[in-house]
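Participant: Questions regarding the structure given below will be posed in turn.
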Amino acid sequence: MIQDISPKQLSLSYDLREPDSASRICIFNGSRILGAQEEDGFFSLPRFCELPIEKESCWFLFSISERDYFLYTKKLTVVGGDDTYLSLRRILSASPQSQAFAAVTAWHLARWYQDNRYCGRCGHPTVRHSQERALQCTECGNLIYPRINPAIIVAVTDGDRLLITKYAASHGPTRFFALIAGFCEIGESPEDTVRREVLEEVGLRVKNIRYYKSQPWGIDGNLSLGFVADLDGSDKIRMDQNELSQALWVNREDVPQRGNTLALTSEIMEAFRIGAI
């Protein structure tokens with residue numbers, strides 16, 4: 001998956017350091033990030049020394065194997081050079097994988113900073129906390145931490161059959177089959193979310209729910225929690241057409257291949273296809 005960048009390691013130690021010449025800088029224009037991508041798929045974020053920017057507008061994000069990454073908090077118009085603004089989804093499968101992972105994780109933090117410039121309690125401006133990754137209100141002292149949305153992804157199985165789905169058109173264009181997914185609600189455990197989402201979206205009941213693996217998904221600010229569950233009772237699908245355009249059972253050997261396993265959904269589907277789960 002995209003966070004699997006070993007032997008490199010993500011470090012979330014936090015402070016208010018400034019960039020050095022080799023620091024990588026994350027600059028966004030909407031949901032597009034500034035970088036260079038070669039024809040062979042190689043992707044790189046610009047270094048501080050390559051940009052006409054000031055240190056005080058660069059906010060430290062995290063490190064990957066001692067290389068620091070910063071967010072540039074102003075807009076930058078690109079004039080010439082190899083860098084251009086690229087879609088985050090376009091670079092998901094770029095190499096090195098650590099750079100793609102850095103980009104989507106930076107986007108998660110960039111949106112949080114942008115959405116919390118003012119205190120939700122009293123409306124006054126917020127500033128970066130000096131000792132932890134938080135924003136603090138300059139008036140009432142309210143502390144705001146990065147928002148992380150827990151969501152489940154579940155492979156519903158019936159022996160050698162897997163339930164696959166496609167979102168409805170109202171969710172935007174989609175080319176690929178996926179698995180049942182949804183956000184955890186207030187007061188709900190992830191296992192309860194699995195039961196509710198499966199029942200709501202396809203009218204099925206499940207049992208023997210077991211945890212598979214998790215994934216931080218910075219593009220949407222989610223923490224995806226993967227599960228596998230067995231069908232409990234009737235296999236008749238009653239699809240919610242507001243949520244889905246297709247829902248069907250497929251045999252193990254007919255599970256569609258996704259090309260890569262960067263996303264948790266793809267890894268779970270591939271693991272089922274090859275008999276690993």
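Chain labels A, B, ... are given in the sequence in which chains occur in the structure tokens; within each chain residues are numbered consecutively from 1, and ligands are likewise numbered from 1 in the order shown.
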Near Asp160 (chain A), counting only C-alpha atoms, which residues have an atom at most 12 Å away, once you skip same-chain residues fewer than 6 positions from it, shown as a list in words?

Facilitator: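 With the cut-off at 12 Å, the set is Asp230, Leu231, Trp249, Val250, Asn251, Arg252, Glu253, Asp254, Val255, Phe272, Arg273, Ile274, Gly275, Ala276 and Ile277 of chain A.
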
Participant: Could you give me, as a PyMOL selection string, the residues within 8 Å of region 187-190 of chain A, counting only C-alpha atoms and dropping anything in the same chain fewer than 5 positions from it?

Facilitator: chain A and resi 151-152+225

Participant: As a PyMOL selection string, please: all residues of region 35-119 of chain A that backbone DSSP puts in helix (DSSP H, G or I).

Facilitator: chain A and resi 48-50+55-57+97-115

Participant: Looking at A:Asp235, A:Glu38, A:Asp82, A:Glu139, which one is nearest to Cys119 (chain A), with distances taken over only C-alpha atoms?

Facilitator: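 Looking at the shortest contact to Cys119 (chain A), the residue is A:Glu139.
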
Participant: Quick one: residues within 12 Å of Ala22 (chain A), only C-alpha atoms, excluding same-chain residues fewer than 5 positions away - as a PyMOL selection string?

Facilitator: chain A and resi 45-51+66-70

Participant: Write out, as a tab-separated table (two decimals), in the first residue's frame, the residues just selected, with N, CA and C atoms.

Facilitator:
```tsv
chain	number	residue	atom	x	y	z
A	45	LEU	N	9.33	16.20	-5.63
A	45	LEU	CA	8.90	17.49	-5.09
A	45	LEU	C	10.08	18.45	-5.14
A	46	PRO	N	9.84	19.74	-5.35
A	46	PRO	CA	10.95	20.68	-5.43
A	46	PRO	C	11.66	20.87	-4.10
A	47	ARG	N	12.93	21.18	-4.17
A	47	ARG	CA	13.70	21.51	-2.97
A	47	ARG	C	13.61	23.01	-2.71
A	48	PHE	N	13.84	23.38	-1.46
A	48	PHE	CA	13.73	24.80	-1.09
A	48	PHE	C	14.68	25.66	-1.91
A	49	CYS	N	15.88	25.17	-2.17
A	49	CYS	CA	16.88	25.95	-2.88
A	49	CYS	C	16.50	26.21	-4.34
A	50	GLU	N	15.50	25.49	-4.85
A	50	GLU	CA	15.09	25.63	-6.24
A	50	GLU	C	13.94	26.61	-6.43
A	51	LEU	N	13.44	27.16	-5.33
A	51	LEU	CA	12.22	27.96	-5.39
A	51	LEU	C	12.44	29.40	-4.91
A	66	GLU	N	14.95	11.32	7.60
A	66	GLU	CA	15.78	12.51	7.86
A	66	GLU	C	15.65	13.58	6.79
A	67	ARG	N	14.81	13.42	5.80
A	67	ARG	CA	14.53	14.47	4.83
A	67	ARG	C	13.27	15.20	5.27
A	68	ASP	N	13.38	16.50	5.48
A	68	ASP	CA	12.25	17.29	5.97
A	68	ASP	C	11.33	17.72	4.84
A	69	TYR	N	10.04	17.76	5.15
A	69	TYR	CA	9.01	18.21	4.21
A	69	TYR	C	8.26	19.38	4.83
A	70	PHE	N	8.03	20.40	4.01
A	70	PHE	CA	7.39	21.62	4.48
A	70	PHE	C	6.20	21.98	3.58
```

Participant: Find the residues around Ser57 (chain A) up to 8 Å (only C-alpha atoms counted), leave out those fewer than 2 positions away in its own chain, and share them as a ChimeraX atom specification.

Facilitator: /A:53-55,59,72-74

Participant: Do you have the CA of Arg24 (chain A)-CA of Ile144 (chain A) distance handy?

Facilitator: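 Taking CA of Arg24 (chain A) and CA of Ile144 (chain A), their separation equals 25.7 Å.
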
Participant: For a quick check of understanding, using only C-alpha atoms, which of A:Cys184, A:Leu61, A:Met239, A:Leu88 has the smallest distance to Asp15 (chain A)?

Facilitator: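 Result for the nearest residue to Asp15 (chain A): A:Leu61.
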
Participant: Hey, can you check how far CA of Phe42 (chain A) sits from CA of Leu223 (chain A)?

Facilitator: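 Separation of CA of Phe42 (chain A) and CA of Leu223 (chain A): 26.6 Å.
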
Participant: As an exercise, work out the distance from CA of Tyr85 (chain A) to CA of Asp40 (chain A) in Å and give it to one decimal place.

Facilitator: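 Separation between CA of Tyr85 (chain A) and CA of Asp40 (chain A): 17.7 Å.
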
Participant: Could you give me, as a ChimeraX atom specification, each residue of region 91-167 of chain A that DSSP assigns to strand (DSSP E or B) when run on this structure's backbone?

Facilitator: /A:95,118,125-128,135-137,143-144,149-158,161-167

Participant: For Asp115 (chain A), please output as a list of chain:residue names all residues within 12 Å (counting only C-alpha atoms; exclusion window: fewer than 6 positions along the same chain).

Facilitator: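 Those residues are A:His108, A:Leu109, A:Pro125, A:Thr126, A:Leu135, A:Ile144, A:Tyr145, A:Pro146, A:Arg147.
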
Participant: Generate a file of the selected residues that holds all heavy atoms, formatted as a PDB file, in the first residue's frame.

Facilitator:
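Listing of out38.pdb after writing:
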```
ATOM      1  N   HIS A 108      -3.309  16.156   3.268  1.00  0.00           N
ATOM      2  CA  HIS A 108      -4.162  15.970   4.441  1.00  0.00           C
ATOM      3  C   HIS A 108      -3.944  17.117   5.432  1.00  0.00           C
ATOM      4  O   HIS A 108      -4.906  17.747   5.909  1.00  0.00           O
ATOM      5  CB  HIS A 108      -3.831  14.629   5.099  1.00  0.00           C
ATOM      6  CG  HIS A 108      -4.760  14.242   6.209  1.00  0.00           C
ATOM      7  ND1 HIS A 108      -4.767  12.984   6.757  1.00  0.00           N
ATOM      8  CD2 HIS A 108      -5.698  14.939   6.891  1.00  0.00           C
ATOM      9  CE1 HIS A 108      -5.688  12.917   7.705  1.00  0.00           C
ATOM     10  NE2 HIS A 108      -6.256  14.101   7.818  1.00  0.00           N
ATOM     11  N   LEU A 109      -2.677  17.432   5.710  1.00  0.00           N
ATOM     12  CA  LEU A 109      -2.369  18.513   6.657  1.00  0.00           C
ATOM     13  C   LEU A 109      -2.671  19.882   6.068  1.00  0.00           C
ATOM     14  O   LEU A 109      -3.148  20.782   6.776  1.00  0.00           O
ATOM     15  CB  LEU A 109      -0.904  18.419   7.075  1.00  0.00           C
ATOM     16  CG  LEU A 109      -0.571  17.286   8.053  1.00  0.00           C
ATOM     17  CD1 LEU A 109       0.944  17.121   8.190  1.00  0.00           C
ATOM     18  CD2 LEU A 109      -1.202  17.547   9.412  1.00  0.00           C
ATOM     19  N   PRO A 125      -8.619  34.329  15.070  1.00  0.00           N
ATOM     20  CA  PRO A 125      -7.577  33.611  14.320  1.00  0.00           C
ATOM     21  C   PRO A 125      -6.876  32.559  15.169  1.00  0.00           C
ATOM     22  O   PRO A 125      -6.787  32.681  16.401  1.00  0.00           O
ATOM     23  CB  PRO A 125      -6.612  34.724  13.903  1.00  0.00           C
ATOM     24  CG  PRO A 125      -7.417  35.979  13.956  1.00  0.00           C
ATOM     25  CD  PRO A 125      -8.389  35.792  15.080  1.00  0.00           C
ATOM     26  N   THR A 126      -6.364  31.536  14.498  1.00  0.00           N
ATOM     27  CA  THR A 126      -5.567  30.513  15.161  1.00  0.00           C
ATOM     28  C   THR A 126      -4.108  30.643  14.737  1.00  0.00           C
ATOM     29  O   THR A 126      -3.798  31.205  13.687  1.00  0.00           O
ATOM     30  CB  THR A 126      -6.066  29.096  14.803  1.00  0.00           C
ATOM     31  OG1 THR A 126      -5.990  28.920  13.376  1.00  0.00           O
ATOM     32  CG2 THR A 126      -7.496  28.895  15.263  1.00  0.00           C
ATOM     33  N   LEU A 135      -3.418  23.625  16.288  1.00  0.00           N
ATOM     34  CA  LEU A 135      -3.650  25.050  16.125  1.00  0.00           C
ATOM     35  C   LEU A 135      -4.329  25.568  17.390  1.00  0.00           C
ATOM     36  O   LEU A 135      -5.178  24.888  17.969  1.00  0.00           O
ATOM     37  CB  LEU A 135      -4.534  25.311  14.900  1.00  0.00           C
ATOM     38  CG  LEU A 135      -3.879  25.002  13.553  1.00  0.00           C
ATOM     39  CD1 LEU A 135      -4.920  25.009  12.436  1.00  0.00           C
ATOM     40  CD2 LEU A 135      -2.767  25.998  13.246  1.00  0.00           C
ATOM     41  N   ILE A 144      -6.982  22.849  18.436  1.00  0.00           N
ATOM     42  CA  ILE A 144      -7.579  22.111  17.326  1.00  0.00           C
ATOM     43  C   ILE A 144      -6.523  21.166  16.765  1.00  0.00           C
ATOM     44  O   ILE A 144      -5.444  21.609  16.357  1.00  0.00           O
ATOM     45  CB  ILE A 144      -8.059  23.066  16.221  1.00  0.00           C
ATOM     46  CG1 ILE A 144      -8.977  24.148  16.814  1.00  0.00           C
ATOM     47  CG2 ILE A 144      -8.766  22.303  15.110  1.00  0.00           C
ATOM     48  CD1 ILE A 144      -9.195  25.325  15.885  1.00  0.00           C
ATOM     49  N   TYR A 145      -6.839  19.875  16.755  1.00  0.00           N
ATOM     50  CA  TYR A 145      -5.903  18.868  16.265  1.00  0.00           C
ATOM     51  C   TYR A 145      -6.318  18.394  14.868  1.00  0.00           C
ATOM     52  O   TYR A 145      -7.488  18.544  14.475  1.00  0.00           O
ATOM     53  CB  TYR A 145      -5.859  17.685  17.236  1.00  0.00           C
ATOM     54  CG  TYR A 145      -5.273  18.055  18.570  1.00  0.00           C
ATOM     55  CD1 TYR A 145      -6.095  18.444  19.630  1.00  0.00           C
ATOM     56  CD2 TYR A 145      -3.898  18.054  18.777  1.00  0.00           C
ATOM     57  CE1 TYR A 145      -5.565  18.796  20.861  1.00  0.00           C
ATOM     58  CE2 TYR A 145      -3.354  18.401  20.000  1.00  0.00           C
ATOM     59  CZ  TYR A 145      -4.190  18.781  21.042  1.00  0.00           C
ATOM     60  OH  TYR A 145      -3.653  19.140  22.252  1.00  0.00           O
ATOM     61  N   PRO A 146      -5.381  17.819  14.094  1.00  0.00           N
ATOM     62  CA  PRO A 146      -5.719  17.365  12.748  1.00  0.00           C
ATOM     63  C   PRO A 146      -6.923  16.432  12.737  1.00  0.00           C
ATOM     64  O   PRO A 146      -7.042  15.534  13.577  1.00  0.00           O
ATOM     65  CB  PRO A 146      -4.451  16.637  12.292  1.00  0.00           C
ATOM     66  CG  PRO A 146      -3.354  17.326  13.041  1.00  0.00           C
ATOM     67  CD  PRO A 146      -3.935  17.641  14.389  1.00  0.00           C
ATOM     68  N   ARG A 147      -7.803  16.666  11.798  1.00  0.00           N
ATOM     69  CA  ARG A 147      -9.004  15.838  11.670  1.00  0.00           C
ATOM     70  C   ARG A 147      -8.677  14.569  10.903  1.00  0.00           C
ATOM     71  O   ARG A 147      -8.087  14.615   9.823  1.00  0.00           O
ATOM     72  CB  ARG A 147     -10.095  16.615  10.942  1.00  0.00           C
ATOM     73  CG  ARG A 147     -11.339  15.791  10.662  1.00  0.00           C
ATOM     74  CD  ARG A 147     -12.432  16.621  10.037  1.00  0.00           C
ATOM     75  NE  ARG A 147     -13.545  15.774   9.601  1.00  0.00           N
ATOM     76  CZ  ARG A 147     -14.701  16.248   9.159  1.00  0.00           C
ATOM     77  NH1 ARG A 147     -14.897  17.560   9.096  1.00  0.00           N
ATOM     78  NH2 ARG A 147     -15.652  15.422   8.781  1.00  0.00           N
TER      79      ARG A 147
END
```

Participant: Between A:Leu16, A:Val154, A:Leu264, A:Ala271, which is the closest to Gln131 (chain A) once you count only C-alpha atoms?

Facilitator: A:Leu16

Participant: So which residues touch Ile91 (chain A) within 10 Å, counting only C-alpha atoms, skipping near sequence neighbours fewer than 6 positions away, as number ranges by chain?

Facilitator: A: 33, 35, 37, 41-44, 97, 99-101, 103-104

Participant: Would you mind exporting N, CA, C and O atoms of the selected residues as a PDB file, in the first residue's frame?

Facilitator:
```pdb
ATOM      1  N   ILE A  33      -0.578  19.436  -6.733  1.00  0.00           N
ATOM      2  CA  ILE A  33       0.672  19.712  -6.044  1.00  0.00           C
ATOM      3  C   ILE A  33       1.784  19.990  -7.053  1.00  0.00           C
ATOM      4  O   ILE A  33       1.837  19.398  -8.137  1.00  0.00           O
ATOM      5  N   GLY A  35       5.258  19.728  -8.700  1.00  0.00           N
ATOM      6  CA  GLY A  35       6.301  18.723  -8.760  1.00  0.00           C
ATOM      7  C   GLY A  35       6.670  18.424 -10.200  1.00  0.00           C
ATOM      8  O   GLY A  35       6.077  18.956 -11.137  1.00  0.00           O
ATOM      9  N   GLN A  37       7.301  15.259 -12.955  1.00  0.00           N
ATOM     10  CA  GLN A  37       7.095  13.838 -13.225  1.00  0.00           C
ATOM     11  C   GLN A  37       7.658  13.492 -14.586  1.00  0.00           C
ATOM     12  O   GLN A  37       7.300  14.094 -15.596  1.00  0.00           O
ATOM     13  N   GLY A  41       7.608   7.743 -14.955  1.00  0.00           N
ATOM     14  CA  GLY A  41       6.816   7.740 -13.733  1.00  0.00           C
ATOM     15  C   GLY A  41       7.533   8.290 -12.519  1.00  0.00           C
ATOM     16  O   GLY A  41       6.935   8.418 -11.449  1.00  0.00           O
ATOM     17  N   PHE A  42       8.801   8.649 -12.657  1.00  0.00           N
ATOM     18  CA  PHE A  42       9.544   9.185 -11.527  1.00  0.00           C
ATOM     19  C   PHE A  42       8.983  10.567 -11.165  1.00  0.00           C
ATOM     20  O   PHE A  42       8.802  11.427 -12.027  1.00  0.00           O
ATOM     21  N   PHE A  43       8.724  10.777  -9.870  1.00  0.00           N
ATOM     22  CA  PHE A  43       8.126  12.014  -9.382  1.00  0.00           C
ATOM     23  C   PHE A  43       9.008  12.620  -8.305  1.00  0.00           C
ATOM     24  O   PHE A  43       9.559  11.914  -7.458  1.00  0.00           O
ATOM     25  N   SER A  44       9.146  13.935  -8.339  1.00  0.00           N
ATOM     26  CA  SER A  44       9.933  14.598  -7.293  1.00  0.00           C
ATOM     27  C   SER A  44       9.284  15.922  -6.906  1.00  0.00           C
ATOM     28  O   SER A  44       8.758  16.655  -7.753  1.00  0.00           O
ATOM     29  N   GLN A  97       7.963   5.686  -4.195  1.00  0.00           N
ATOM     30  CA  GLN A  97       6.674   5.665  -3.503  1.00  0.00           C
ATOM     31  C   GLN A  97       6.660   6.612  -2.310  1.00  0.00           C
ATOM     32  O   GLN A  97       5.622   7.158  -1.954  1.00  0.00           O
ATOM     33  N   GLN A  99       7.809   9.574  -2.145  1.00  0.00           N
ATOM     34  CA  GLN A  99       7.450  10.922  -2.566  1.00  0.00           C
ATOM     35  C   GLN A  99       5.941  11.048  -2.772  1.00  0.00           C
ATOM     36  O   GLN A  99       5.328  12.054  -2.413  1.00  0.00           O
ATOM     37  N   ALA A 100       5.328  10.019  -3.359  1.00  0.00           N
ATOM     38  CA  ALA A 100       3.873  10.024  -3.537  1.00  0.00           C
ATOM     39  C   ALA A 100       3.179  10.014  -2.179  1.00  0.00           C
ATOM     40  O   ALA A 100       2.197  10.745  -1.964  1.00  0.00           O
ATOM     41  N   PHE A 101       3.671   9.198  -1.262  1.00  0.00           N
ATOM     42  CA  PHE A 101       3.093   9.144   0.083  1.00  0.00           C
ATOM     43  C   PHE A 101       3.243  10.479   0.794  1.00  0.00           C
ATOM     44  O   PHE A 101       2.315  10.961   1.461  1.00  0.00           O
ATOM     45  N   ALA A 103       3.360  13.400  -0.606  1.00  0.00           N
ATOM     46  CA  ALA A 103       2.467  14.368  -1.234  1.00  0.00           C
ATOM     47  C   ALA A 103       1.046  14.256  -0.699  1.00  0.00           C
ATOM     48  O   ALA A 103       0.411  15.259  -0.369  1.00  0.00           O
ATOM     49  N   VAL A 104       0.510  13.031  -0.622  1.00  0.00           N
ATOM     50  CA  VAL A 104      -0.870  12.878  -0.166  1.00  0.00           C
ATOM     51  C   VAL A 104      -0.999  13.136   1.331  1.00  0.00           C
ATOM     52  O   VAL A 104      -2.034  13.626   1.801  1.00  0.00           O
TER      53      VAL A 104
END
```

Participant: Using only C-alpha atoms, pick whichever of A:Leu248, A:Leu12, A:Ala36, A:Ile27 has the shortest atom-to-atom distance to Leu179 (chain A).

Facilitator: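 Nearest candidate to Leu179 (chain A) out of A:Leu248, A:Leu12, A:Ala36, A:Ile27: A:Leu248.
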
Participant: Please list as a list in words every residue within 10 Å of Thr261 (chain A), counting only C-alpha atoms and excluding residues in the same chain fewer than 2 positions away.

Facilitator: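 The contact residues come out as Met1, Ile2, Ser93, Gln257, Arg258, Gly259, Ala263, Leu264, Thr265, Ser266, Glu267, Ile268, Met269, Glu270 and Ala271 of chain A.
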
Participant: Can I get the selected residues back with C-alpha atoms, as a PDB file, in the first residue's frame?

Facilitator:
```pdb
ATOM      1  CA  MET A   1       0.000   0.000   0.000  1.00  0.00           C
ATOM      2  CA  ILE A   2       1.098   3.581  -0.494  1.00  0.00           C
ATOM      3  CA  SER A  93       1.572   5.175  -8.511  1.00  0.00           C
ATOM      4  CA  GLN A 257      -7.488  -7.158 -10.871  1.00  0.00           C
ATOM      5  CA  ARG A 258      -6.761  -3.494 -10.081  1.00  0.00           C
ATOM      6  CA  GLY A 259      -3.219  -3.179 -11.484  1.00  0.00           C
ATOM      7  CA  ALA A 263      -5.042   1.315  -1.892  1.00  0.00           C
ATOM      8  CA  LEU A 264      -6.461  -0.897   0.844  1.00  0.00           C
ATOM      9  CA  THR A 265      -9.465  -1.880  -1.297  1.00  0.00           C
ATOM     10  CA  SER A 266      -7.165  -3.165  -4.043  1.00  0.00           C
ATOM     11  CA  GLU A 267      -5.014  -5.132  -1.609  1.00  0.00           C
ATOM     12  CA  ILE A 268      -7.990  -6.851   0.018  1.00  0.00           C
ATOM     13  CA  MET A 269      -9.520  -7.770  -3.355  1.00  0.00           C
ATOM     14  CA  GLU A 270      -6.217  -9.151  -4.615  1.00  0.00           C
ATOM     15  CA  ALA A 271      -5.659 -11.089  -1.370  1.00  0.00           C
TER      16      ALA A 271
END
```
